[in-house]
Amino acid sequence: MSSRLITRAVQTLVVCIAMITMLGANDTSTRYERVGHNMMCACSCGQILLECNHVGCPDSARMIDELRTQVATGANDASVMNWFVAKYGAIILASPVRGGFDNVAWITPIALFLLAIIGTAVLVRVWRARSLRTATPAPSIQIPGLNRTQADTLRDRIRRETEY
Amino acid sequence: MQLHPMPLFGSFSLLLALTLCAYTLLAGALALWRSPAHAELSPSSRLGETARRAGLMSFAAMCCAAFALVWASLTNDYSVAYILHHTNRALPTAYKFSALWSGQEGSLVLWAWLLAAYGFVLRIRHRVDVRLYAFASTILSGVQVFFLLLLNFAAPPFAIQPGPLNPDGFGLNPLLQYPEMVIHPPMLYLGYVGFTVPFAFALGALMMRYPGEKWIHITRRWTMVTWLFLTCGIFLGAHWAYSVLGWGGYWGWDPVENASLMPWLTGTAFLHSVMMQEKRGMMKSWNVWLIFATFMLTILGTLLTRSGLVSSVHAFAQSSIGDWFYGFILIVFAVCLFTFFKQRDHLKTENHFESVVSREASFLFNNMILLVACFTVLWGTLFPVLSEYVQGFKETVSAPYYNRINIPIGLFLLFLTGVGPLLAWRSTSLRSIRRNFILPGLAVAITAIVLMLAGVRPWQDGDDMHATIFSLVAFSLAAGVVTAITSEFLRGAAVVRTQSGKNLFAATFQLVRRNTRRYGGYVVHFGIVVLFIGIAGGAFNQSHEQEMGFGDSMLMGPYKLVCQSFTQDSNPNYDTEYALLDVYKNGTKITQMAPEKRFYTASQQPSTIVANRSTLQSDLYVIYEGKNPESGRPIIKVFLNPLIAWIWIGVGIVIAGTLLGLAPNLTRAAFRANATAPTESHTTSNTPILTTAKAHHV
């Protein structure tokens with residue numbers, strides 16, 4: 001019964017997460033902000049388009065106008081980006097998002113992150129199993145006046161109070 | 001031929017420093033090689049002693065060289081090319097002083113001088129352990145020799161400007177003319193250079209097969225101080241970027257910023273994992289490689305930004321010395337690898353993991369995640385180079401990439417910050433987990449619910465929901481970690497209170513004094529939580545840009561800005577344009593702000609001076625973007641950045657916690673004197689057993 005409940009709860013959670021992920025408003029001003037923060041200024045200043053603050057920058061004002069125009073046409077984010085890439089080159093994208101070799105940039109750290117978590121858990125278990133196989137039983141230290149449970153409690157306290 | 005006495009003096013000092021360091025390296029190595037492997041190196045060993053004294057004198061020579069460069073800057077000696085290119089007569093004195101580190105050659109002088117200063121302290125303290133210190137001194141001198149070779153042959157700071165003497169200099173980069181720039185680079189360099197010391201001790205201890213973990217005790221303070229300097233340096237840089245660059249943010253994931261973050265991440269991992277070696281004799285190889293990697297990352301960061309391999313808006317000092325750094329890194333790596341393989345049997349672990357749910361395992365997870373974060377930063381920094389190799393052009397890897405990858409990693413680290421201290425060494429029982437985790441778990445759940453009720457609802461934010469989700473998770477985890485830390489303090493204080501009869505405040509104070517390292521660490525964790533709260537506020541930033549004439553107003557959150565005037569001014573160093581804006585909140589004028597744009601005469605470069613009104617709730621951040629050439633009216637950009645002040649407060653708490661961790665513990669005798677209850681009753685009461693525990697080794 002309880003396992004069915006847990007399964008149902010997990011299913012509900014997955015559905016909720018999926019719903020949250022799928023939901024999406026499409027406000028023009030937020031799209032302008034979002035797309036503009038995913039592009040670089042073409043003047044080689046190395047700054048995000050909407051954050052470029054050069055006095056007399058030859059490119060940012062024109063690019064921002066173009067961005068406003070493109071967003072107003074109702075084209076989706078990818079189309080707007082493609083329009084800019086066609087005009088200025090892939091260098092204006094703030095992150096590698098064009099697929100192909102660009103995917104390597106994203107997959108590598110994520111794979112490493114997962115590998116680190118899973119690998120550490122596996123490693124600790126393997127080391128633990130090895131130490132259990134090779135360990136010799138520690139001699140039981142009798143503390144006068146205490147039974148086994150009390151002695152364990154005392155050890156636990158000592159460990160807690162002396163750790164850092 | 002005209003004589004230039006001060007540049008000559010400086011050049012001679014650099015050459016002398018190189019000679020002395022080379023002698024320290026060669027004579028030190030020879031003395032160590034001739035002495036028996038396991039014998040004490042006699043303090044009176046003549047060759048070893050001359051090497052040590054030469055090392056001490058190299059500091060004096062470097063002081064002379066640094067003094068000569070500062071003197072040349074202060075006296076406007078434009079015969080020196082470096083001074084000509086980085087200062088001018090109208091430059092305020094403080095910035096003439098900071099010109100020392102505003103360019104390639106000067107920053108290398110600062111690096112070499114700091115290295116000599118660290119070496120001086122190390123060599124003075126040699127009696128702590130003569131042989132280990134001799135090894136560390138010799139390795140350190142090897143690093144010194146590299147930097148002095150650079151200064152003497154590749155990037156000489158006292159090179160004479162050819163042609164007739166210029167009447168004035170070309171000026172300092174305007175971005176560097178800001179008070180924080182006087183202290184930010186030295187702090188950062190103290191951090192970078194400082195990691196050479198634990199590296200030298202680790203490599204030395206491995207070379208001499210140093211018994212036990214004493215070298216870790218010896219280097220603990222060095223490592224913590226170095227980490228503290230690097231932390232201060234990084235966040236001073238972030239604060240400078242926020243105040244000066246004028247784009248509304250504090251961290252842009254620029255290669256120079258990344259270069260400082262990478263050794264900080266591995267250094268943080270080392271500070272945690274080294275505890276496993278001290279406590280349980282585990283992870284010896286891991287720790288050695290962590291500190292090797294940290295040192296190499298400080299050099300790699302310098303290589304990345306100086307060689308032109310990656311471009312950076314912050315790289316104020318680029319040149320062609322990259323090849324030297326490639327060579328040096330290869331040599332360092334080869335020496336580390338060779339020593340490790342030769343002595344690896346010395347690094348055998350004394351204990352093994354007993355449980356996945358233990359303090360050791362949490363440290364290992366923490367280490368792995370810190371290293372993944374470090375790799376991600378390195379990968380993003382180098383990906384443009386890789387993509388150029390594969391695709392023929394450089395991809396741009398900027399803030400959106402790093403934010404998307406590193407925020408989940410950061411949140412996982414925040415989670416571990418809360419979990420780690422609640423787990424016991426060796427193994428944690430289920431009962432203990434239930435007892436320790438119930439309150440933090442409740443805090444996480446309650447905070448998440450309250451925030452959602454208060455309006456932090458990711459599902460309503462459409463395509464921008466990711467930022468809100470991350471903020472929600474960050475705030476909730478922060479509440480959990482704070483609860484966990486607080487409960488640790490209260491649990492310990494309750495024990496001390498029972499034993500001593502003191503009130504809770506006094507008991508907490510005594511508890512902290514008794515184990516400054518442990519509780520200093522908790523304070524650092526608390527600071528990190530506050531810092532995360534500040535970072536999470538970034539999801540709710542707002543901005544607006546508007547042309548503002550006299551009397552025009554702009555609304556931003558609860559504030560209304562009214563333009564009172566805009567005008568211009570000038571002084572010998574720069575011309576400035578600025579606007580005066582009255583700020584109203586709820587109809588009441590609360591302040592006047594004056595964002596400005598400067599144009600520096602000597603360098604012919606502009607600079608932004610941001611006007612910022614910071615409160616705990618949010619920063620009202622105002623930028624003067626320039627004048628509309630058609631209307632002649634200023635364009636003002638305003639940001640409302642929530643919780644930014646929490647970042648700087650968090651850093652302050654991290655610094656306080658680190659200083660607390662560096663403070664000595666209350667001595668056992670003093671603790672006994674402070675205690676009022678008898679310690680013999682430990683088996684039947686709640687009396688702490690700290691004083692007897694270590695003696696019993698239970």
# chains A, B, ... in the order shown; residues from 1 in each chain; ligands from 1

$ residues_around --residues "Gly28 of chain B" --least-positions-apart "4" --cutoff "9 Å" --atoms "only C-alpha atoms" --output "ChimeraX atom specification"
/B:23-24,32-33,47-52,134-135,137-138

$ residues_around --residues "segment 387-400 of chain B" --least-positions-apart "5" --cutoff "6 Å" --atoms "only C-alpha atoms" --output "list in words"
Ile91, Ala94 and Ser95 of chain A; Gly252 and Trp253 of chain B

$ select_by_dssp --residues "segment 328-530 of chain B" --states "helix (DSSP H, G or I)" --output "MDAnalysis selection string"
chainID B and resid 328:347 359:391 399:422 430:454 458:460 462:500 504:514 516:530

$ atom_distance --atom1 "atom CA of Ile609 of chain B" --atom2 "atom CA of Ile635 of chain B"
14.2 Å

$ closest_atom_pairs --of "segment 528-590 of chain B" --to "segment 639-647 of chain B" --cutoff "9 Å" --atoms "only C-alpha atoms" --output "JSON lines"
{"residue": "B:Ile528", "atom": "CA", "partner": "B:Ile647", "partner_atom": "CA", "distance": 8.8}
{"residue": "B:Val530", "atom": "CA", "partner": "B:Trp646", "partner_atom": "CA", "distance": 6.0}
{"residue": "B:Leu531", "atom": "CA", "partner": "B:Ile647", "partner_atom": "CA", "distance": 4.4}
{"residue": "B:Phe532", "atom": "CA", "partner": "B:Ile647", "partner_atom": "CA", "distance": 7.3}
{"residue": "B:Ile533", "atom": "CA", "partner": "B:Trp646", "partner_atom": "CA", "distance": 6.8}
{"residue": "B:Gly534", "atom": "CA", "partner": "B:Trp646", "partner_atom": "CA", "distance": 4.7}
{"residue": "B:Ile535", "atom": "CA", "partner": "B:Ile647", "partner_atom": "CA", "distance": 6.7}
{"residue": "B:Ala536", "atom": "CA", "partner": "B:Leu643", "partner_atom": "CA", "distance": 8.1}
{"residue": "B:Gly537", "atom": "CA", "partner": "B:Pro642", "partner_atom": "CA", "distance": 5.2}
{"residue": "B:Gly538", "atom": "CA", "partner": "B:Pro642", "partner_atom": "CA", "distance": 6.5}
{"residue": "B:Ala539", "atom": "CA", "partner": "B:Pro642", "partner_atom": "CA", "distance": 8.6}
{"residue": "B:Phe540", "atom": "CA", "partner": "B:Pro642", "partner_atom": "CA", "distance": 6.6}
{"residue": "B:Asn541", "atom": "CA", "partner": "B:Asn641", "partner_atom": "CA", "distance": 4.8}
{"residue": "B:Gln542", "atom": "CA", "partner": "B:Leu640", "partner_atom": "CA", "distance": 5.2}
{"residue": "B:Ser543", "atom": "CA", "partner": "B:Phe639", "partner_atom": "CA", "distance": 4.2}
{"residue": "B:His544", "atom": "CA", "partner": "B:Phe639", "partner_atom": "CA", "distance": 6.6}
{"residue": "B:Glu545", "atom": "CA", "partner": "B:Phe639", "partner_atom": "CA", "distance": 8.8}
{"residue": "B:Met556", "atom": "CA", "partner": "B:Leu640", "partner_atom": "CA", "distance": 6.9}
{"residue": "B:Gly557", "atom": "CA", "partner": "B:Leu640", "partner_atom": "CA", "distance": 7.1}

$ closest_residue --among "B:Gln144, B:Thr87, B:Ser500, B:Asn366" --to "chain A" --atoms "only C-alpha atoms"
B:Asn366

$ atom_distance --atom1 "atom CA of Ser45 of chain B" --atom2 "atom CA of Trp215 of chain B"
22.0 Å

$ closest_residue --among "A:Glu51, A:Thr28, A:Lys87, A:Thr108" --to "chain B" --atoms "only C-alpha atoms"
A:Glu51

$ residues_around --residues "Cys64 of chain B" --least-positions-apart "4" --cutoff "10 Å" --atoms "only C-alpha atoms" --output "VMD selection string"
chain B and resid 9 to 14 17 58 to 60 68 to 70 113

$ residues_around --residues "Ala506 of chain B" --least-positions-apart "6" --cutoff "10 Å" --atoms "only C-alpha atoms" --output "list in words"
Ala493, Val496, Arg497, Ser500 and Val512 of chain B

$ write_last_selection --atoms "C-alpha atoms" --output "short mmCIF file (atom, residue, chain, number, x, y, z; two decimals), in the first residue's frame"
data_model
loop_
_atom_site.label_atom_id
_atom_site.label_comp_id
_atom_site.auth_asym_id
_atom_site.auth_seq_id
_atom_site.Cartn_x
_atom_site.Cartn_y
_atom_site.Cartn_z
CA ALA B 493 26.38 25.69 23.72
CA VAL B 496 28.78 23.94 27.80
CA ARG B 497 25.94 25.69 29.64
CA SER B 500 29.58 25.63 33.37
CA VAL B 512 33.66 28.89 19.96
#

$ residues_around --residues "Pro58 of chain A" --least-positions-apart "3" --cutoff "12 Å" --atoms "only C-alpha atoms" --output "compact mmCIF listing (two decimals) with N, CA and C atoms, in the first residue's frame"
# COMPACT_ATOMS: atom_id res chain seq x y z
N CYS A 41 27.74 41.99 -28.16
CA CYS A 41 27.87 43.17 -29.01
C CYS A 41 28.93 42.84 -30.07
N ALA A 42 28.70 43.32 -31.28
CA ALA A 42 29.61 42.97 -32.39
C ALA A 42 30.86 43.85 -32.44
N CYS A 43 30.98 44.80 -31.47
CA CYS A 43 32.10 45.74 -31.56
C CYS A 43 33.39 45.16 -30.96
N SER A 44 33.40 43.88 -30.64
CA SER A 44 34.57 43.19 -30.06
C SER A 44 34.89 43.62 -28.64
N CYS A 45 33.89 44.22 -27.94
CA CYS A 45 34.15 44.64 -26.56
C CYS A 45 34.03 43.46 -25.60
N CYS A 52 26.26 46.31 -23.17
CA CYS A 52 27.37 47.07 -23.75
C CYS A 52 27.18 48.56 -23.41
N ASN A 53 28.20 49.12 -22.76
CA ASN A 53 28.06 50.51 -22.31
C ASN A 53 29.17 51.40 -22.85
N HIS A 54 29.67 51.07 -24.03
CA HIS A 54 30.71 51.92 -24.60
C HIS A 54 30.14 53.26 -25.03
N VAL A 55 30.90 54.30 -24.74
CA VAL A 55 30.52 55.60 -25.27
C VAL A 55 30.86 55.57 -26.76
N ALA A 61 23.88 50.16 -30.59
CA ALA A 61 22.59 50.85 -30.79
C ALA A 61 21.87 50.28 -32.01
N ARG A 62 22.63 50.06 -33.10
CA ARG A 62 22.02 49.53 -34.32
C ARG A 62 21.50 48.10 -34.07
N MET A 63 22.34 47.30 -33.38
CA MET A 63 21.94 45.91 -33.13
C MET A 63 20.70 45.84 -32.24
N ILE A 64 20.63 46.75 -31.26
CA ILE A 64 19.47 46.74 -30.34
C ILE A 64 18.20 47.10 -31.13

$ select_by_dssp --residues "segment 461-662 of chain B" --states "strand (DSSP E)" --output "number ranges by chain"
B: 542-547, 553-556, 559-570, 574-585, 588-593, 596-600, 605-609, 611-614, 618-627, 634-642

$ closest_residue --among "B:Gln104, B:Thr298, B:Thr486, B:Asn166" --to "Leu190 of chain B" --atoms "only C-alpha atoms"
B:Thr298

$ residues_around --residues "Asp65 of chain A" --least-positions-apart "6" --cutoff "12 Å" --atoms "only C-alpha atoms" --output "ChimeraX atom specification"
/A:32,36,49-50,59,71-72

$ atom_distance --atom1 "atom CA of Trp227 of chain B" --atom2 "atom CA of Thr268 of chain B"
7.5 Å
